[in-house]
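S.K.: One structure follows; several queries about it will come next.
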There are 2 protein chains.
Amino acid sequence: MTLHDEIFEQPLRLGSLLGQRQRVEEIAAAVRRREVRYAFLAARGTSDNAGRYANYLLGAQNSLPVALATPSLFTYYQQPPRLDGALVVAISQSGQSPDIVSVLEEGRRQGCLTLAVTNAPNSPLAQAADLVLDIQAGEEKAVAATKTYTAELLALAMLSAALKNDGEMWNDLERLPAFVEEAIAQDGAVAQMSQRYRYMQQCVVLGRGYNYATAFEWALKLKELTYVIAEPYSSADFQHGPIAMVGGGFPVLAVAVNGRVLDSMLEMLTRLRQVHNAELLVISDDERALEPAQSAILLPAGMPEWLTPLVSIVPAQLFACHLTRAKGYDTEAPRAIKKITETH
Amino acid sequence: MTLHDEIFEQPLRLGSLLGQRQRVEEIAAAVRRREVRYAFLAARGTSDNAGRYANYLLGAQNSLPVALATPSLFTYYQQPPRLDGALVVAISQSGQSPDIVSVLEEGRRQGCLTLAVTNAPNSPLAQAADLVLDIQAGEEKAVAATKTYTAELLALAMLSAALKNDGEMWNDLERLPAFVEEAIAQDGAVAQMSQRYRYMQQCVVLGRGYNYATAFEWALKLKELTYVIAEPYSSADFQHGPIAMVGGGFPVLAVAVNGRVLDSMLEMLTRLRQVHNAELLVISDDERALEPAQSAILLPAGMPEWLTPLVSIVPAQLFACHLTRAKGYDTEAPRAIKKITETH
């Protein structure tokens with residue numbers, strides 16, 4: 001199994017995870033029995049980007065604020081905050097990183113309900129948790145995470161639907177594997193497009209709202225695999241300073257999908273093209289967003305906004321994979337990183 | 001008043017803000033009268049980096065978890081989370097950005113206690129808040145924020161001391177202006193050092209714990225002023241993927257000060273130098289951290305760790321200022337950005 005294979009495996013894995021609805025509803029019932037005021041969430045790397053999705057998802061669909069943990073307060077500083085009222089959630093593919101396990105253990109010590117979202121149901125993380133949501137993505141061999149990222153997003157999306165007890169959300173979820181399949185069909189076009197970026201050394205990646213997470217995850221894949229300095233931003237944070245970096249020809253990658261933040265993304269893309277003369281590579285389901293772009297990747301029509309991050313990341317993964325090959329690097333052996341990173 | 005002047009103004013401004021202890025203690029008393037479970041914090045740009053400091057500070061000193069707001073949930077999505085139990089804090093130099101004002105207004109609508117930390121006590125933000133902490137930094141003319149950043153940090157540090165009612169913290173605070181003065185005395189050395197980076201186009205900036213905020217703020221100054229693609233990381237997040245970018249000669253800027261996370265930073269710096277053959281520019285009060293660096297900036301001895309971000313950012317500001325000049329850009333007129341950015 002190569003990175004490319006694992007990207008292609010996603011519709012199958014997501015379809016199979018959807019079969020776990022009952023288990024997710026049990027977890028949601030356990031959460032509802034507690035007086036939860038906010039979610040306190042610990043994760044690193046790709047899983048941290050799943051946390052960024054949770055921030056919007058649980059906020060918008062479940063009215064639940066999300067605090068992202070600063071694990072060093074639990075480890076090096078040994079001064080964890082008071083967590084009463086928190087649902088403590090840890091997200092980790094491997095369930096191994098000691099700092100993430102520490103956050104969950106402290107949550108439990110303080111009497112909070114704890115939930116591990118992981119691909120390793122026998123890991124130290126799972127053992128430390130009251131509730132375990134097994135993302136069932138199968139073994140991930142590639143160092144760069146792809147199928148475990150979308151499985152983590154789906155696990156969170158199912159949890160959100162279950163907490164809200166919302167039949168329409170469940171109907172949306174059923175349509176997900178077909179959307180992902182459609183996105184994967186862009187593989188040949190994306191491979192061809194990646195040629196143009198053979199000598200790209202740096203770029204920014206923009207997304208907003210639900211797809212803030214997609215910008216971060218796309219940037220992370222580029223850094224891990226292609227060694228491009230790819231910096232992710234919300235289009236709003238980008239205006240508060242960093243936009244100064246953009247000169248003529250500077251590459252801006254963007255995810256701009258239909259929904260509440262599309263207009264603000266369109267405004268930003270037009271400005272970047274017309275005023276800054278930037279190079280634009282855009283992933284979108286809307287022609288207006290693709291129009292100003294030198295490179296355009298069309299997403300399936302008709303996706304509900306809250307699920308778009310599970311689809312829009314797929315051509316981004318393919319782009320990172322093909323750009324790695326175009327640059328002559330090895331998709332299966334990125335330098336300097338390992339599959340499991342243990343930090344304290 | 002130029003950017004350089006405003007950097008030099010900091011000891012004076014911080015000393016004068018320290019005179020507001022009584023006002024800060026009144027605010028702390030108002031907070032203590034409420035059953036606050038966590039802080040919900042909204043900010044953008046430089047002020048968001050002050051929020052990153054608050055995350056560690058309020059966590060470690062006041063056992064208070066901090067959730068960083070996602071303002072688009074309040075504006076574009078109009079689906080704000082339930083905020084019961086939250087102290088809603090907004091940080092903004094100008095107090096103008098509509099999205100940040102929206103978060104505070106929603107907090108008030110939901111009956112939460114709201115606090116504005118701002119340099120503009122008559123701004124829309126201040127008018128929307130129950131409590132206003134005026135950072136009194138004087139008008140900031142330079143587009144790139146410097147003295148308002150350290151004043152925001154000090155306002156938060158005073159609030160933390162007042163909430164904890166901790167005499168030792170207040171004693172530490174009294175020593176702050178002298179430490180900042182000592183850091184500023186490095187100006188000539190930093191100007192000379194910046195020459196070496198005349199052609200640097202990209203870098204990463206590392207910090208951890210309290211100085212996670214410093215890494216982000218240093219990177220932001222470089223992006224705003226020198227157009228260098230500077231990407232900030234905690235040394236832990238950096239290991240979870242992005243370290244793959246670092247090849248021989250790749251510039252890594254780091255803040256590594258005495259305290260709980262120093263050992264982990266030392267380990268990372270040694271690895272970057274010995275294994276990755278990176279170029280290191282290090283700001284530290286510890287010889288062991290400066291030893292492997294091609295460029296070393298020594299901080300004053302004897303600083304309490306929790307206050308180091310107010311001092312360690314100063315040579316970083318000077319570095320960004322001098323590198324801007326070395327590259328032939330205008331410190332007073334960064335391209336593409338304005339002093340007040342209004343986002344929705």
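In the structure tokens, chains take the letters A, B, ... in the order shown, each chain's residues start at 1, and ligands count up from 1 in the order shown.
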With a cut-off of 8 Å and counting only C-alpha atoms, select all residues of chain A in contact with chain B and give the selection as a VMD selection string.
M.R.: chain A and resid 37 44 to 45 55 to 56 59 to 68 70 72 to 73 76 to 77 79 to 85 202 209 220 223 to 229 231 236 to 237 239 to 246 260 to 261 334 to 337 341 343 to 344
S.K.: If you run DSSP on this backbone, which residues of stretch 47-155 of chain A come out as strand (DSSP E), and could you give them as a ChimeraX atom specification?
M.R.: /A:66-68,86-92,113-118,131-134
S.K.: Restricting the calculation to only C-alpha atoms: of B:Arg32, B:Asp330, B:Glu305, B:Ile135, which residue gets closest to B:Leu153?
M.R.: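 Going through B:Arg32, B:Asp330, B:Glu305, B:Ile135 one by one, the smallest distance to B:Leu153 is for B:Ile135.
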S.K.: Residues near B:Ala30, anyone? I mean within 9 Å using only C-alpha atoms, not counting same-chain ones fewer than 5 positions away, as a ChimeraX atom specification.
M.R.: /B:25,113,131
S.K.: Rounded to one decimal in Å, what is the spacing between atom CA of B:Ser312 and atom CA of B:Leu280?
M.R.: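 Between these atoms lies a distance of 16.2 Å.
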S.K.: Could you give me, as a list in words, the residues within 8 Å of stretch 168-182 of chain B, counting only C-alpha atoms and dropping anything in the same chain fewer than 2 positions from it?
M.R.: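 Contacts, with the query itself left out: Gln10, Pro11, Leu12, Leu14, Gly15, Leu18, Met158, Ala161, Asp166, Ile184, Ala185, Gln186, Leu299, Pro300, Met303, Pro304, Leu307, Leu310, Val311 and Val314 of chain B.
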S.K.: Next, dump the selected residues to file, keeping only N, CA, C and O atoms, as a PDB file, in the first residue's frame.
M.R.:
ATOM      1  N   GLN B  10       9.257  51.096  24.594  1.00  0.00           N
ATOM      2  CA  GLN B  10       8.568  50.079  25.388  1.00  0.00           C
ATOM      3  C   GLN B  10       8.845  50.117  26.893  1.00  0.00           C
ATOM      4  O   GLN B  10       7.894  49.997  27.674  1.00  0.00           O
ATOM      5  N   PRO B  11      10.088  50.297  27.345  1.00  0.00           N
ATOM      6  CA  PRO B  11      10.276  50.306  28.801  1.00  0.00           C
ATOM      7  C   PRO B  11       9.427  51.389  29.476  1.00  0.00           C
ATOM      8  O   PRO B  11       8.802  51.145  30.520  1.00  0.00           O
ATOM      9  N   LEU B  12       9.375  52.549  28.851  1.00  0.00           N
ATOM     10  CA  LEU B  12       8.594  53.665  29.388  1.00  0.00           C
ATOM     11  C   LEU B  12       7.106  53.325  29.444  1.00  0.00           C
ATOM     12  O   LEU B  12       6.437  53.522  30.468  1.00  0.00           O
ATOM     13  N   LEU B  14       5.627  50.412  29.365  1.00  0.00           N
ATOM     14  CA  LEU B  14       5.335  49.301  30.278  1.00  0.00           C
ATOM     15  C   LEU B  14       5.373  49.796  31.719  1.00  0.00           C
ATOM     16  O   LEU B  14       4.522  49.433  32.537  1.00  0.00           O
ATOM     17  N   GLY B  15       6.354  50.648  32.015  1.00  0.00           N
ATOM     18  CA  GLY B  15       6.454  51.211  33.368  1.00  0.00           C
ATOM     19  C   GLY B  15       5.204  51.990  33.718  1.00  0.00           C
ATOM     20  O   GLY B  15       4.676  51.876  34.842  1.00  0.00           O
ATOM     21  N   LEU B  18       2.204  49.731  34.409  1.00  0.00           N
ATOM     22  CA  LEU B  18       2.303  49.102  35.740  1.00  0.00           C
ATOM     23  C   LEU B  18       1.641  49.970  36.821  1.00  0.00           C
ATOM     24  O   LEU B  18       1.208  49.455  37.860  1.00  0.00           O
ATOM     25  N   MET B 158      -0.668  41.386  34.292  1.00  0.00           N
ATOM     26  CA  MET B 158      -1.186  42.047  35.494  1.00  0.00           C
ATOM     27  C   MET B 158      -2.522  41.439  35.906  1.00  0.00           C
ATOM     28  O   MET B 158      -2.785  41.225  37.094  1.00  0.00           O
ATOM     29  N   ALA B 161      -1.798  38.198  37.672  1.00  0.00           N
ATOM     30  CA  ALA B 161      -1.311  38.435  39.038  1.00  0.00           C
ATOM     31  C   ALA B 161      -2.448  38.860  39.950  1.00  0.00           C
ATOM     32  O   ALA B 161      -2.546  38.420  41.109  1.00  0.00           O
ATOM     33  N   ASP B 166      -1.252  37.455  43.899  1.00  0.00           N
ATOM     34  CA  ASP B 166       0.050  36.867  44.177  1.00  0.00           C
ATOM     35  C   ASP B 166       1.103  37.967  44.242  1.00  0.00           C
ATOM     36  O   ASP B 166       1.499  38.543  43.224  1.00  0.00           O
ATOM     37  N   ILE B 184      16.877  45.911  24.889  1.00  0.00           N
ATOM     38  CA  ILE B 184      16.991  46.953  23.858  1.00  0.00           C
ATOM     39  C   ILE B 184      18.451  47.361  23.623  1.00  0.00           C
ATOM     40  O   ILE B 184      18.825  47.738  22.502  1.00  0.00           O
ATOM     41  N   ALA B 185      19.256  47.213  24.649  1.00  0.00           N
ATOM     42  CA  ALA B 185      20.670  47.587  24.529  1.00  0.00           C
ATOM     43  C   ALA B 185      21.409  46.725  23.501  1.00  0.00           C
ATOM     44  O   ALA B 185      22.521  47.053  23.077  1.00  0.00           O
ATOM     45  N   GLN B 186      20.784  45.623  23.066  1.00  0.00           N
ATOM     46  CA  GLN B 186      21.372  44.762  22.037  1.00  0.00           C
ATOM     47  C   GLN B 186      21.210  45.341  20.634  1.00  0.00           C
ATOM     48  O   GLN B 186      21.591  44.692  19.647  1.00  0.00           O
ATOM     49  N   LEU B 299      19.829  37.178  26.183  1.00  0.00           N
ATOM     50  CA  LEU B 299      18.826  37.911  26.967  1.00  0.00           C
ATOM     51  C   LEU B 299      19.344  38.176  28.376  1.00  0.00           C
ATOM     52  O   LEU B 299      20.269  37.502  28.835  1.00  0.00           O
ATOM     53  N   PRO B 300      18.733  39.125  29.094  1.00  0.00           N
ATOM     54  CA  PRO B 300      19.141  39.404  30.471  1.00  0.00           C
ATOM     55  C   PRO B 300      19.051  38.157  31.357  1.00  0.00           C
ATOM     56  O   PRO B 300      18.188  37.302  31.131  1.00  0.00           O
ATOM     57  N   MET B 303      15.476  36.389  34.620  1.00  0.00           N
ATOM     58  CA  MET B 303      14.046  36.649  34.380  1.00  0.00           C
ATOM     59  C   MET B 303      13.184  35.486  34.864  1.00  0.00           C
ATOM     60  O   MET B 303      13.512  34.329  34.627  1.00  0.00           O
ATOM     61  N   PRO B 304      12.034  35.768  35.500  1.00  0.00           N
ATOM     62  CA  PRO B 304      11.079  34.693  35.796  1.00  0.00           C
ATOM     63  C   PRO B 304      10.441  34.227  34.479  1.00  0.00           C
ATOM     64  O   PRO B 304      10.078  35.055  33.645  1.00  0.00           O
ATOM     65  N   LEU B 307       7.369  35.804  32.604  1.00  0.00           N
ATOM     66  CA  LEU B 307       7.466  37.140  32.012  1.00  0.00           C
ATOM     67  C   LEU B 307       8.408  37.206  30.809  1.00  0.00           C
ATOM     68  O   LEU B 307       8.516  38.258  30.168  1.00  0.00           O
ATOM     69  N   LEU B 310       7.649  38.938  27.311  1.00  0.00           N
ATOM     70  CA  LEU B 310       7.651  40.399  27.198  1.00  0.00           C
ATOM     71  C   LEU B 310       9.046  40.943  26.911  1.00  0.00           C
ATOM     72  O   LEU B 310       9.189  42.090  26.483  1.00  0.00           O
ATOM     73  N   VAL B 311      10.058  40.129  27.170  1.00  0.00           N
ATOM     74  CA  VAL B 311      11.441  40.566  26.958  1.00  0.00           C
ATOM     75  C   VAL B 311      12.008  39.929  25.687  1.00  0.00           C
ATOM     76  O   VAL B 311      12.646  40.604  24.872  1.00  0.00           O
ATOM     77  N   VAL B 314      11.573  41.509  22.212  1.00  0.00           N
ATOM     78  CA  VAL B 314      12.183  42.804  21.889  1.00  0.00           C
ATOM     79  C   VAL B 314      13.343  42.678  20.887  1.00  0.00           C
ATOM     80  O   VAL B 314      13.334  43.354  19.851  1.00  0.00           O
TER      81      VAL B 314
END
S.K.: Would you please extract all helix (DSSP H, G or I) residues from stretch 74-253 of chain B, as assigned by DSSP on the backbone, and give them as number ranges by chain?
M.R.: B: 98-109, 124-128, 147-164, 167-174, 176-184, 187-197, 209-226, 235-239, 242-245
S.K.: One decimal, in Å: what's the spacing between atom CA of A:Glu140 and atom CA of A:Thr2?
M.R.: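 Atom CA of A:Glu140 sits 9.2 Å away from atom CA of A:Thr2.
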S.K.: Find the residues near B:Ser92: any atom within 6 Å, counting only C-alpha atoms, skip ones fewer than 2 places away on the same chain, and give them as a compact mmCIF listing (two decimals) with all heavy atoms, in the first residue's frame.
M.R.:
# COMPACT_ATOMS: atom_id res chain seq x y z
N SER B 47 -2.62 40.72 18.12
CA SER B 47 -3.40 40.49 19.35
C SER B 47 -3.71 39.02 19.55
O SER B 47 -3.86 38.54 20.67
CB SER B 47 -4.71 41.28 19.29
OG SER B 47 -4.43 42.67 19.17
N SER B 94 -6.83 48.48 18.08
CA SER B 94 -7.71 49.55 17.58
C SER B 94 -9.14 49.43 18.08
O SER B 94 -9.89 50.41 18.06
CB SER B 94 -7.74 49.51 16.05
OG SER B 94 -8.46 48.37 15.59
N GLY B 95 -9.54 48.22 18.48
CA GLY B 95 -10.93 48.01 18.89
C GLY B 95 -11.94 48.18 17.78
O GLY B 95 -13.12 48.43 18.02
N THR B 118 -7.62 46.76 25.14
CA THR B 118 -7.49 47.59 23.94
C THR B 118 -6.70 48.87 24.21
O THR B 118 -6.63 49.32 25.35
CB THR B 118 -8.88 47.94 23.36
OG1 THR B 118 -8.72 48.76 22.20
CG2 THR B 118 -9.74 48.68 24.38
S.K.: Please list as an mmCIF file with C-alpha atoms, in the first residue's frame every residue within 9 Å of B:Leu17, counting only C-alpha atoms and excluding residues in the same chain fewer than 2 positions away.
M.R.:
data_model
loop_
_atom_site.group_PDB
_atom_site.id
_atom_site.type_symbol
_atom_site.label_atom_id
_atom_site.label_comp_id
_atom_site.auth_asym_id
_atom_site.auth_seq_id
_atom_site.Cartn_x
_atom_site.Cartn_y
_atom_site.Cartn_z
ATOM 1 C CA LEU B 12 8.594 53.665 29.388
ATOM 2 C CA ARG B 13 5.139 52.510 28.267
ATOM 3 C CA LEU B 14 5.335 49.301 30.278
ATOM 4 C CA GLY B 15 6.454 51.211 33.368
ATOM 5 C CA GLY B 19 0.862 52.162 37.503
ATOM 6 C CA GLN B 20 -2.634 50.860 36.680
ATOM 7 C CA ARG B 21 -2.474 48.075 39.240
ATOM 8 C CA ASP B 134 -6.852 50.206 28.570
ATOM 9 C CA ILE B 135 -3.287 49.219 27.652
ATOM 10 C CA GLN B 136 -2.249 52.907 27.454
ATOM 11 C CA ALA B 137 0.522 52.392 24.915
ATOM 12 C CA ALA B 151 1.454 46.316 26.446
ATOM 13 C CA LEU B 154 1.608 43.163 30.291
ATOM 14 C CA ALA B 155 -2.108 43.869 30.706
#
S.K.: For A:Ala254, find every residue with an atom within 6 Å (counting only C-alpha atoms), except residues of its own chain fewer than 6 positions away, and show them as a list in words.
M.R.: Val205, Leu206, Gly207 and Val282 of chain A
